[in-house]
Amino acid sequence: MKKEPHSLLAFNERLSTWFHEQGWQVFEFQRQTWEYMRQGKSGLVNAPTGSGKTYSVFLGALMEAARQKQWGQGSVQVVWVTPIRALALELELAMDRALRALDVPWRVAVRTGDTSAAQKASWKKKPSEILITTPESLHILFSQKGYPQLFKNVQTIVVDEWHELMGSKRGVQTELAISRVRGLSPGLRVWGISATIGNLHEAMDALLGSYASNGVMVRSQLPKEVHVQTLMPDEIEHYPWAGHLGIRLIGKILPIIDAHVSTLIFTNTRAQAEIWYQQLLDYAPQLAGVLALHHGSLSQELRHWVEQQLHEGKLKAVICTSSLDLGVDFRPVQAVIQIGSPKGVARFMQRAGRSGHQPGAISTLYFLPTNSLEIIEGAAMREAWKDGITEERIPYIRSFDVLSQYLLTLAVSEGMKPEEIFNEIKSTYSYASVTDAEWAWVLQFISQGSQSLAAYEEYKKASWHEGILRVTDRRTAMRHRLSIGTIVSDSMLRVVLKTGKRLGSIEEWFVSRLNPGDVFWFAGISLEFMGIHHMEVMVQKSKSGKGIVPSYQGGRMPLSSLLSGQIRKKIQQYLDHHLIDEEVQKLVPLFQRQQQISHVPKQDELLIEYLVSDEGYHLFCYPFEGRYVHEGLAVTMAHQLGQLQRSTFSIAMNDYGFELLSDTPIPIADALQQGLLDFSQVLPQLRSSLNASEMAARRFREIASIAGLVFQGYPGKSIKTRHLQANAQLFFEVFKQYEPDNILLQQAYEEVLIFQLEINRLKQAYDRLQHQHVILKNIAKPSPFSFPILTDRLREKYSNESLSDRIAKLKKSLE
């Protein structure tokens with residue numbers, strides 16, 4: 001017998017009973033959210049981790065269904081967008097638990113990249129009332145026939161962890177998806193859930209677009225207590241280098257693991273996670289069976305097993321990456337260990353919040369630095385949190401590669417009506433400024449190719465049919481569906497045991513370096529490479545205790561401007577002998593050695609070191625502004641110095657400074673006198689600097705892939721990465737020479753300026769440096785500040801000596 005949906009009064013009674021049974025209380029921010037949703041408003045909820053943000057919006061949607069007595073069974077009513085798959089499963093459990101407890105006759109389903117083809121087909125035949133999905137999977141639904149019927153009754157869209165999506169093109173995808181669903185369901189409510197970021201109101205504007213003026217911000221006043229403790233070495237080395245310190249401190253994390261039910265150990269990369277898993281098992285064999293590994297390249301089966309074991313409290317520790325740092329609620333987790341600097345206050349506290357994930361609980365985070373200089377970041381992050389300041393996220397705007405992909409997605413399914421869709425995309429934050437001429441260019445791009453591609457049939461993907469753009473070629477449609485998404489990475493190959501069990505995926509470039517018989521570590525297992533069969537990496541288990549660890553392409557996370565400012569503040573406190581934290585106190589020997597060889601800069605000073613060695617002429621500069629800004633400073637300074645004297649520079653950088661290396665003397669004193677730090681002189685030369693540095697060409701590869709100019713291949717027949725890069729480079733050169741006003745080409749330059757060089761932050765850095773007192777030091781040997789930059793360059797050189805042996809020799813020569 002079909003269950004009758006109950007009234008709002010009955011629903012509220014059940015809700016009150018359920019909360020009482022769980023020992024929960026209704027917080028004021030939850031009541032506010034429910035009231036605003038009753039009024040039909042959209043908005044953004046900001047509350048501490050573990051305080052009930054999910055139920056604030058989810059229960060509000062259920063209340064509205066009960067109030068209107070429009071339960072709409074059998075059609076999608078709520079779409080919940082999440083950035084990570086682990087969070088999707090967590091949400092499904094939480095929602096299903098609430099639906100059963102409240103006797104609501106709705107079903108909830110997850111549709112992500114992990115969902116099987118059979119599950120997807122079954123769901124389309126009988127859609128659930130609640131759909132949990134990712135931005136990519138939502139767009140894939142838009143590419144299928146009949147999608148308007150699926151979404152015409154949607155009452156609410158919720159975007160979870162919006163602060164995480166907003167700072168990427170996945171955020172743009174989300175904005176476009178909202179605009180399409182709103183076009184199909186005009187009364188749509190849109191709600192975001194976000195952790196604290198420095199620009200919350202801009203975050204709401206980006207989420208709601210032209211509807212933001214009627215949006216509401218709901219902020220919880222619940223306090224969140226976070227304990228941060230830095231794990232420090234017994235002695236400080238005068239010459240630190242990146243990555244070496246962490247493993248040496250492995251003994252300091254065992255007592256933490258032993259003292260807590262479960263501990264999450266976060267690393268910043270998948271390669272680091274694999275290394276730490278092996279090192280920890282070697283150091284503490286007793287952890288076998290209760291230590292696990294979790295990252296995005298592991299198979300769905302392995303990841304789900306780890307998540308289930310965590311929920312049940314059967315694991316003492318899990319070594320993971322960002323695959324577990326967003327909103328996931330594992331109650332047994334009592335402590336978090338961060339390996340290496342997370343490079344930002346927001347990320348640091350997001351991960352801290354995985355412990356004590358409930359109202360009023362204390363989140364405990366242990367910071368394990370991977371080099372001596374990183375120790376200071378523990379104090380900097382703790383003070384930033386205490387002061388209540390965190391980073392901003394810059395939303396992407398005018399991403400024409402994403403827009404091109406989206407329009408083709410609609411053309412593949414029901415056809416795209418330009419006037420209707422133009423009005424919808426203009427309502428988004430990202431595309432509010434798109435002009436009629438730019439819109440016409442994008443339509444021509446997907447139907448005719450751009451000006452320089454008009455002669456090639458393969459770029460004429462969509463055609464006009466009575467005023468509607470459609471893709472009629474089945475091969476074009478299939479290739480497009482396989483390419484939907486904005487995460488561009490190297491070609492991935494599945495790792496398969498000879499028994500047939502799939503372990504996950506690794507990048508093609510890594511596999512190409514292997515010979516049969518080579519041993520590598522993956523998924524915590526020692527594997528012998530057997531060969532590639534049907535584009536699968538065939539392996540068997542190896543008894544060898546030695547092997548290489550797969551590394552993954554991609555840039556390193558840069559130090560945030562907020563954190564870099566806190567570090568400069570901490571160094572000044574050391575110089576003033578004022579309020580010295582234990583972390584700063586620990587670094588006193590290193591600072592003293594830096595002072596002996598060179599100088600420790602004050603907040604109003606810029607230190608530049610000049611060193612002559614067998615390699616050539618080194619210029620070290622220490623703005624303490626983060627890797628991306630240092631890349632911009634290095635590129636622009638190299639260009640200016642090259643104007644004074646023809647030179648070729650190699651560039652190296654870290655988060656604290658950068659190096660210019662030349663085989664000829666560097667006229668640094670003359671350059672400083674002629675305005676080296678004057679941004680008004682730098683800005684006009686920035687475009688030529690970008691061309692010279694190849695940064696725009698690298699950025700264009702991603703844009704070309706998203707826009708569909710290059711195809712990454714079919715499943716099992718992926719195109720080699722070097723061919724993809726060569727194809728993208730060819731387009732870049734053609735557009736630069738014959739079509740310089742190409743919108744995608746212009747977008748590449750804009751993205752380099754905004755997101756890679758962080759132009760606003762670069763300008764602020766120049767403004768600060770221009771008013772600082774420059775300390776130019778001629779040094780006879782590398783200083784402690786310069787040593788990490790030098791050792792990073794050693795990684796790029798071929799040698800039959802290990803990196804650690806070469807660094808040991810260099811350190812011995814300096815001591």
# chains A, B, ... in the order shown; residues from 1 in each chain; ligands from 1

call {"tool": "select_by_dssp", "arguments": {"residues": "segment 517-634 of chain A", "states": "strand (DSSP E or B)", "output": "PyMOL selection string"}}
result
chain A and resi 519-522+525-533+536-541+548+605-613+616-622

call {"tool": "residues_around", "arguments": {"residues": "Ser427 of chain A", "least_positions_apart": "4", "cutoff": "7 Å", "atoms": "only C-alpha atoms", "output": "list in words"}}
result
Gly209, Ser210, Asn423 and Ala432 of chain A

call {"tool": "write_last_selection", "arguments": {"atoms": "N, CA and C atoms", "output": "short mmCIF file (atom, residue, chain, number, x, y, z; two decimals), in the first residue's frame"}}
result
data_model
loop_
_atom_site.label_atom_id
_atom_site.label_comp_id
_atom_site.auth_asym_id
_atom_site.auth_seq_id
_atom_site.Cartn_x
_atom_site.Cartn_y
_atom_site.Cartn_z
N GLY A 209 24.18 34.66 -8.85
CA GLY A 209 24.17 35.46 -10.06
C GLY A 209 23.27 36.66 -9.94
N SER A 210 22.45 36.90 -10.95
CA SER A 210 21.58 38.08 -10.97
C SER A 210 20.48 38.02 -9.91
N ASN A 423 19.94 34.27 -22.47
CA ASN A 423 19.33 34.94 -21.31
C ASN A 423 19.68 34.21 -20.01
N ALA A 432 27.89 37.29 -16.84
CA ALA A 432 27.04 38.49 -16.84
C ALA A 432 27.53 39.54 -17.82
#

call {"tool": "residues_around", "arguments": {"residues": "segment 387-403 of chain A", "least_positions_apart": "3", "cutoff": "8 Å", "atoms": "only C-alpha atoms", "output": "PyMOL selection string"}}
result
chain A and resi 163+166-169+171-173+196-199+203+206+344-346+383-384+406-407+429-431+433-434+442+486+560-562+703-704+706-707+743-744+747

call {"tool": "write_last_selection", "arguments": {"atoms": "N, CA, C and O atoms", "output": "compact mmCIF listing (two decimals), in the first residue's frame"}}
result
# COMPACT_ATOMS: atom_id res chain seq x y z
N HIS A 163 32.57 26.98 -1.34
CA HIS A 163 33.85 27.68 -1.34
C HIS A 163 34.91 26.88 -2.09
O HIS A 163 35.82 27.46 -2.68
N MET A 166 33.92 27.13 -5.99
CA MET A 166 33.92 28.49 -6.54
C MET A 166 35.27 28.89 -7.12
O MET A 166 35.35 29.62 -8.11
N GLY A 167 36.36 28.41 -6.53
CA GLY A 167 37.67 28.81 -7.00
C GLY A 167 38.19 27.98 -8.14
O GLY A 167 39.41 27.92 -8.37
N SER A 168 37.32 27.33 -8.89
CA SER A 168 37.73 26.51 -10.03
C SER A 168 36.68 26.59 -11.13
O SER A 168 35.60 27.13 -10.93
N LYS A 169 36.99 26.01 -12.28
CA LYS A 169 36.03 26.00 -13.39
C LYS A 169 34.86 25.06 -13.11
O LYS A 169 33.83 25.14 -13.79
N GLY A 171 33.20 25.37 -10.53
CA GLY A 171 32.22 26.34 -10.04
C GLY A 171 31.44 26.96 -11.18
O GLY A 171 30.23 27.18 -11.07
N VAL A 172 32.13 27.24 -12.29
CA VAL A 172 31.45 27.78 -13.47
C VAL A 172 30.46 26.76 -14.01
O VAL A 172 29.33 27.10 -14.39
N GLN A 173 30.88 25.50 -14.07
CA GLN A 173 29.96 24.43 -14.48
C GLN A 173 28.70 24.42 -13.61
O GLN A 173 27.59 24.25 -14.11
N THR A 196 33.99 29.02 6.16
CA THR A 196 34.35 30.44 6.16
C THR A 196 35.45 30.72 5.14
O THR A 196 36.46 30.02 5.08
N ILE A 197 35.23 31.71 4.33
CA ILE A 197 36.27 32.25 3.43
C ILE A 197 36.26 33.76 3.57
O ILE A 197 35.34 34.34 4.14
N GLY A 198 37.30 34.39 3.06
CA GLY A 198 37.45 35.83 3.25
C GLY A 198 36.48 36.67 2.46
O GLY A 198 36.32 37.87 2.74
N ASN A 199 35.81 36.10 1.45
CA ASN A 199 34.87 36.87 0.62
C ASN A 199 33.53 36.14 0.51
O ASN A 199 33.08 35.78 -0.58
N ALA A 203 31.05 35.16 -2.62
CA ALA A 203 30.72 33.75 -2.85
C ALA A 203 29.22 33.60 -3.10
O ALA A 203 28.79 32.84 -3.97
N ALA A 206 28.41 34.90 -6.55
CA ALA A 206 28.81 33.97 -7.60
C ALA A 206 27.81 32.81 -7.70
O ALA A 206 27.52 32.33 -8.80
N GLY A 344 47.63 27.19 3.34
CA GLY A 344 46.57 28.16 3.53
C GLY A 344 45.81 27.90 4.82
O GLY A 344 45.67 26.75 5.25
N VAL A 345 45.31 28.95 5.43
CA VAL A 345 44.58 28.83 6.70
C VAL A 345 43.28 28.07 6.49
O VAL A 345 42.91 27.20 7.29
N ALA A 346 42.56 28.38 5.40
CA ALA A 346 41.27 27.73 5.17
C ALA A 346 41.44 26.23 5.00
O ALA A 346 40.68 25.43 5.59
N GLU A 383 47.88 31.64 14.66
CA GLU A 383 47.56 33.03 14.95
C GLU A 383 46.48 33.56 14.00
O GLU A 383 45.60 34.32 14.41
N ALA A 384 46.56 33.15 12.73
CA ALA A 384 45.54 33.59 11.77
C ALA A 384 44.16 33.08 12.18
O ALA A 384 43.16 33.81 12.11
N TYR A 406 29.65 23.64 -22.68
CA TYR A 406 28.27 23.57 -22.20
C TYR A 406 27.27 23.70 -23.35
O TYR A 406 26.29 22.93 -23.43
N LEU A 407 27.49 24.63 -24.24
CA LEU A 407 26.57 24.81 -25.37
C LEU A 407 26.54 23.58 -26.26
O LEU A 407 25.48 23.18 -26.76
N TYR A 429 26.92 34.71 -12.62
CA TYR A 429 28.00 35.62 -12.23
C TYR A 429 29.12 35.58 -13.25
O TYR A 429 29.69 36.60 -13.62
N SER A 430 29.43 34.38 -13.74
CA SER A 430 30.57 34.21 -14.63
C SER A 430 30.37 34.88 -15.97
O SER A 430 31.32 35.42 -16.54
N TYR A 431 29.14 34.87 -16.49
CA TYR A 431 28.92 35.34 -17.86
C TYR A 431 28.04 36.58 -17.94
O TYR A 431 27.51 36.91 -19.00
N SER A 433 28.86 39.59 -18.06
CA SER A 433 29.41 40.65 -18.91
C SER A 433 29.61 40.23 -20.37
O SER A 433 30.16 41.00 -21.16
N VAL A 434 29.15 39.04 -20.74
CA VAL A 434 29.33 38.58 -22.12
C VAL A 434 28.54 39.47 -23.08
O VAL A 434 27.36 39.73 -22.86
N VAL A 442 31.17 32.56 -29.93
CA VAL A 442 31.10 31.22 -29.36
C VAL A 442 30.17 30.34 -30.21
O VAL A 442 30.47 29.16 -30.47
N THR A 486 35.90 19.72 -16.50
CA THR A 486 36.90 20.80 -16.54
C THR A 486 38.18 20.42 -15.82
O THR A 486 39.09 21.23 -15.70
N SER A 560 49.37 30.96 0.56
CA SER A 560 48.38 32.03 0.41
C SER A 560 48.98 33.36 0.87
O SER A 560 49.92 33.40 1.66
N SER A 561 48.40 34.45 0.37
CA SER A 561 48.89 35.78 0.74
C SER A 561 48.69 36.02 2.24
O SER A 561 49.51 36.65 2.89
N LEU A 562 47.58 35.50 2.77
CA LEU A 562 47.31 35.68 4.19
C LEU A 562 48.40 35.00 5.03
O LEU A 562 48.94 35.57 5.96
N ILE A 703 42.74 24.89 -21.69
CA ILE A 703 41.59 25.55 -22.35
C ILE A 703 41.20 24.81 -23.62
O ILE A 703 40.01 24.58 -23.89
N ALA A 704 42.19 24.41 -24.41
CA ALA A 704 41.92 23.69 -25.66
C ALA A 704 41.22 22.36 -25.40
O ALA A 704 40.32 21.95 -26.15
N ILE A 706 39.28 21.59 -22.68
CA ILE A 706 37.92 21.84 -22.20
C ILE A 706 37.01 22.28 -23.33
O ILE A 706 35.85 21.86 -23.43
N ALA A 707 37.55 23.13 -24.22
CA ALA A 707 36.73 23.67 -25.32
C ALA A 707 36.51 22.67 -26.44
O ALA A 707 35.73 22.92 -27.35
N ILE A 743 39.13 34.38 -28.92
CA ILE A 743 38.69 34.55 -27.53
C ILE A 743 39.37 33.53 -26.61
O ILE A 743 39.72 33.86 -25.47
N LEU A 744 39.58 32.31 -27.08
CA LEU A 744 40.23 31.30 -26.24
C LEU A 744 41.69 31.65 -26.00
O LEU A 744 42.23 31.40 -24.91
N GLN A 747 41.71 34.33 -23.49
CA GLN A 747 41.38 33.76 -22.18
C GLN A 747 42.63 33.17 -21.53
O GLN A 747 42.82 33.27 -20.32

call {"tool": "residues_around", "arguments": {"residues": "Glu605 of chain A", "least_positions_apart": "3", "cutoff": "12 Å", "atoms": "only C-alpha atoms", "output": "PyMOL selection string"}}
result
chain A and resi 568+571-572+599-602+608+621-624+768-776

call {"tool": "select_by_dssp", "arguments": {"residues": "segment 384-476 of chain A", "states": "helix (DSSP H, G or I)", "output": "ChimeraX atom specification"}}
result
/A:384-386,400-412,418-426,436-448,451-453,457-459,474-476

call {"tool": "closest_residue", "arguments": {"among": "A:Leu89, A:Glu507, A:Pro127, A:Ala440", "to": "Asp114 of chain A", "atoms": "only C-alpha atoms"}}
result
A:Leu89

call {"tool": "residues_around", "arguments": {"residues": "Ile759 of chain A", "least_positions_apart": "2", "cutoff": "12 Å", "atoms": "only C-alpha atoms", "output": "list in words"}}
result
Ile394, Tyr628, Val629, His630, Glu631, Gly632, Leu633, Thr636, Phe679, Val682, Leu683, Leu686, Tyr749, Glu750, Glu751, Val752, Leu753, Ile754, Phe755, Gln756, Leu757, Arg761, Leu762, Lys763, Gln764, Ala765 and Tyr766 of chain A

call {"tool": "closest_residue", "arguments": {"among": "A:Glu457, A:Glu21, A:Asp741, A:Asp792", "to": "Ala101 of chain A", "atoms": "only C-alpha atoms"}}
result
A:Glu21

call {"tool": "atom_distance", "arguments": {"atom1": "atom CA of Pro83 of chain A", "atom2": "atom CA of Leu165 of chain A"}}
result
6.6 Å

call {"tool": "residues_around", "arguments": {"residues": "Glu274 of chain A", "least_positions_apart": "4", "cutoff": "8 Å", "atoms": "only C-alpha atoms", "output": "list of chain:residue names"}}
result
A:Arg270, A:Gln278, A:Leu293, A:Trp521, A:Phe522, A:Ala523, A:Gly524, A:Val549

call {"tool": "decode", "arguments": {"residues": "segment 381-419 of chain A", "atoms": "N, CA and C atoms", "output": "mmCIF file, in the first residue's frame"}}
result
data_model
loop_
_atom_site.group_PDB
_atom_site.id
_atom_site.type_symbol
_atom_site.label_atom_id
_atom_site.label_comp_id
_atom_site.auth_asym_id
_atom_site.auth_seq_id
_atom_site.Cartn_x
_atom_site.Cartn_y
_atom_site.Cartn_z
ATOM 1 N N MET A 381 49.724 29.870 11.148
ATOM 2 C CA MET A 381 48.351 29.401 10.949
ATOM 3 C C MET A 381 47.533 29.490 12.233
ATOM 4 N N ARG A 382 48.153 29.163 13.345
ATOM 5 C CA ARG A 382 47.431 29.227 14.620
ATOM 6 C C ARG A 382 47.007 30.663 14.920
ATOM 7 N N GLU A 383 47.885 31.636 14.658
ATOM 8 C CA GLU A 383 47.556 33.030 14.947
ATOM 9 C C GLU A 383 46.482 33.560 14.001
ATOM 10 N N ALA A 384 46.558 33.146 12.729
ATOM 11 C CA ALA A 384 45.538 33.587 11.769
ATOM 12 C C ALA A 384 44.157 33.081 12.178
ATOM 13 N N TRP A 385 44.107 31.817 12.635
ATOM 14 C CA TRP A 385 42.826 31.263 13.085
ATOM 15 C C TRP A 385 42.316 32.002 14.311
ATOM 16 N N LYS A 386 43.215 32.287 15.229
ATOM 17 C CA LYS A 386 42.824 32.996 16.454
ATOM 18 C C LYS A 386 42.282 34.378 16.129
ATOM 19 N N ASP A 387 42.856 35.036 15.100
ATOM 20 C CA ASP A 387 42.415 36.371 14.701
ATOM 21 C C ASP A 387 41.167 36.337 13.819
ATOM 22 N N GLY A 388 40.727 35.119 13.454
ATOM 23 C CA GLY A 388 39.500 34.994 12.668
ATOM 24 C C GLY A 388 39.633 35.438 11.230
ATOM 25 N N ILE A 389 40.818 35.295 10.652
ATOM 26 C CA ILE A 389 41.006 35.699 9.260
ATOM 27 C C ILE A 389 41.314 34.473 8.409
ATOM 28 N N THR A 390 40.804 34.469 7.200
ATOM 29 C CA THR A 390 41.041 33.354 6.289
ATOM 30 C C THR A 390 41.079 33.868 4.855
ATOM 31 N N GLU A 391 41.484 33.002 3.923
ATOM 32 C CA GLU A 391 41.718 33.434 2.543
ATOM 33 C C GLU A 391 40.425 33.666 1.761
ATOM 34 N N GLU A 392 40.573 34.443 0.714
ATOM 35 C CA GLU A 392 39.500 34.596 -0.259
ATOM 36 C C GLU A 392 39.663 33.536 -1.356
ATOM 37 N N ARG A 393 38.580 33.250 -2.058
ATOM 38 C CA ARG A 393 38.629 32.405 -3.251
ATOM 39 C C ARG A 393 38.198 33.260 -4.434
ATOM 40 N N ILE A 394 38.999 33.267 -5.467
ATOM 41 C CA ILE A 394 38.692 34.087 -6.641
ATOM 42 C C ILE A 394 37.805 33.281 -7.593
ATOM 43 N N PRO A 395 36.585 33.741 -7.855
ATOM 44 C CA PRO A 395 35.728 33.003 -8.798
ATOM 45 C C PRO A 395 36.172 33.224 -10.242
ATOM 46 N N TYR A 396 36.050 32.201 -11.047
ATOM 47 C CA TYR A 396 36.347 32.324 -12.479
ATOM 48 C C TYR A 396 35.218 33.079 -13.167
ATOM 49 N N ILE A 397 35.575 33.994 -14.040
ATOM 50 C CA ILE A 397 34.562 34.658 -14.862
ATOM 51 C C ILE A 397 34.997 34.593 -16.321
ATOM 52 N N ARG A 398 33.993 34.627 -17.211
ATOM 53 C CA ARG A 398 34.225 34.672 -18.651
ATOM 54 C C ARG A 398 35.102 33.493 -19.117
ATOM 55 N N SER A 399 34.758 32.304 -18.639
ATOM 56 C CA SER A 399 35.483 31.100 -19.065
ATOM 57 C C SER A 399 34.825 30.572 -20.337
ATOM 58 N N PHE A 400 35.306 31.034 -21.478
ATOM 59 C CA PHE A 400 34.659 30.692 -22.745
ATOM 60 C C PHE A 400 34.894 29.247 -23.151
ATOM 61 N N ASP A 401 35.940 28.612 -22.605
ATOM 62 C CA ASP A 401 36.134 27.191 -22.887
ATOM 63 C C ASP A 401 35.012 26.372 -22.247
ATOM 64 N N VAL A 402 34.642 26.720 -21.009
ATOM 65 C CA VAL A 402 33.553 26.012 -20.324
ATOM 66 C C VAL A 402 32.224 26.302 -21.016
ATOM 67 N N LEU A 403 32.027 27.543 -21.442
ATOM 68 C CA LEU A 403 30.780 27.918 -22.122
ATOM 69 C C LEU A 403 30.642 27.158 -23.443
ATOM 70 N N SER A 404 31.736 27.047 -24.185
ATOM 71 C CA SER A 404 31.693 26.306 -25.457
ATOM 72 C C SER A 404 31.314 24.854 -25.223
ATOM 73 N N GLN A 405 31.928 24.256 -24.202
ATOM 74 C CA GLN A 405 31.622 22.859 -23.883
ATOM 75 C C GLN A 405 30.154 22.708 -23.496
ATOM 76 N N TYR A 406 29.652 23.637 -22.684
ATOM 77 C CA TYR A 406 28.268 23.568 -22.205
ATOM 78 C C TYR A 406 27.269 23.695 -23.354
ATOM 79 N N LEU A 407 27.494 24.633 -24.244
ATOM 80 C CA LEU A 407 26.570 24.814 -25.370
ATOM 81 C C LEU A 407 26.538 23.578 -26.256
ATOM 82 N N LEU A 408 27.692 22.960 -26.446
ATOM 83 C CA LEU A 408 27.737 21.735 -27.238
ATOM 84 C C LEU A 408 27.026 20.596 -26.503
ATOM 85 N N THR A 409 27.110 20.587 -25.178
ATOM 86 C CA THR A 409 26.389 19.587 -24.377
ATOM 87 C C THR A 409 24.890 19.683 -24.638
ATOM 88 N N LEU A 410 24.352 20.907 -24.648
ATOM 89 C CA LEU A 410 22.919 21.088 -24.909
ATOM 90 C C LEU A 410 22.574 20.750 -26.355
ATOM 91 N N ALA A 411 23.497 21.054 -27.276
ATOM 92 C CA ALA A 411 23.259 20.756 -28.689
ATOM 93 C C ALA A 411 23.258 19.257 -28.950
ATOM 94 N N VAL A 412 23.985 18.511 -28.140
ATOM 95 C CA VAL A 412 24.065 17.063 -28.295
ATOM 96 C C VAL A 412 22.744 16.393 -27.905
ATOM 97 N N SER A 413 22.029 16.982 -26.937
ATOM 98 C CA SER A 413 20.818 16.322 -26.433
ATOM 99 C C SER A 413 19.571 16.824 -27.150
ATOM 100 N N GLU A 414 18.954 17.880 -26.593
ATOM 101 C CA GLU A 414 17.678 18.369 -27.135
ATOM 102 C C GLU A 414 17.847 19.475 -28.166
ATOM 103 N N GLY A 415 19.084 19.900 -28.371
ATOM 104 C CA GLY A 415 19.302 21.059 -29.229
ATOM 105 C C GLY A 415 19.351 22.326 -28.389
ATOM 106 N N MET A 416 20.094 23.312 -28.856
ATOM 107 C CA MET A 416 20.309 24.526 -28.072
ATOM 108 C C MET A 416 19.620 25.707 -28.743
ATOM 109 N N LYS A 417 18.712 26.362 -28.007
ATOM 110 C CA LYS A 417 18.000 27.535 -28.513
ATOM 111 C C LYS A 417 18.770 28.779 -28.068
ATOM 112 N N PRO A 418 19.482 29.450 -28.963
ATOM 113 C CA PRO A 418 20.394 30.532 -28.578
ATOM 114 C C PRO A 418 19.774 31.639 -27.742
ATOM 115 N N GLU A 419 18.604 32.146 -28.119
ATOM 116 C CA GLU A 419 18.020 33.264 -27.358
ATOM 117 C C GLU A 419 17.699 32.840 -25.930
#
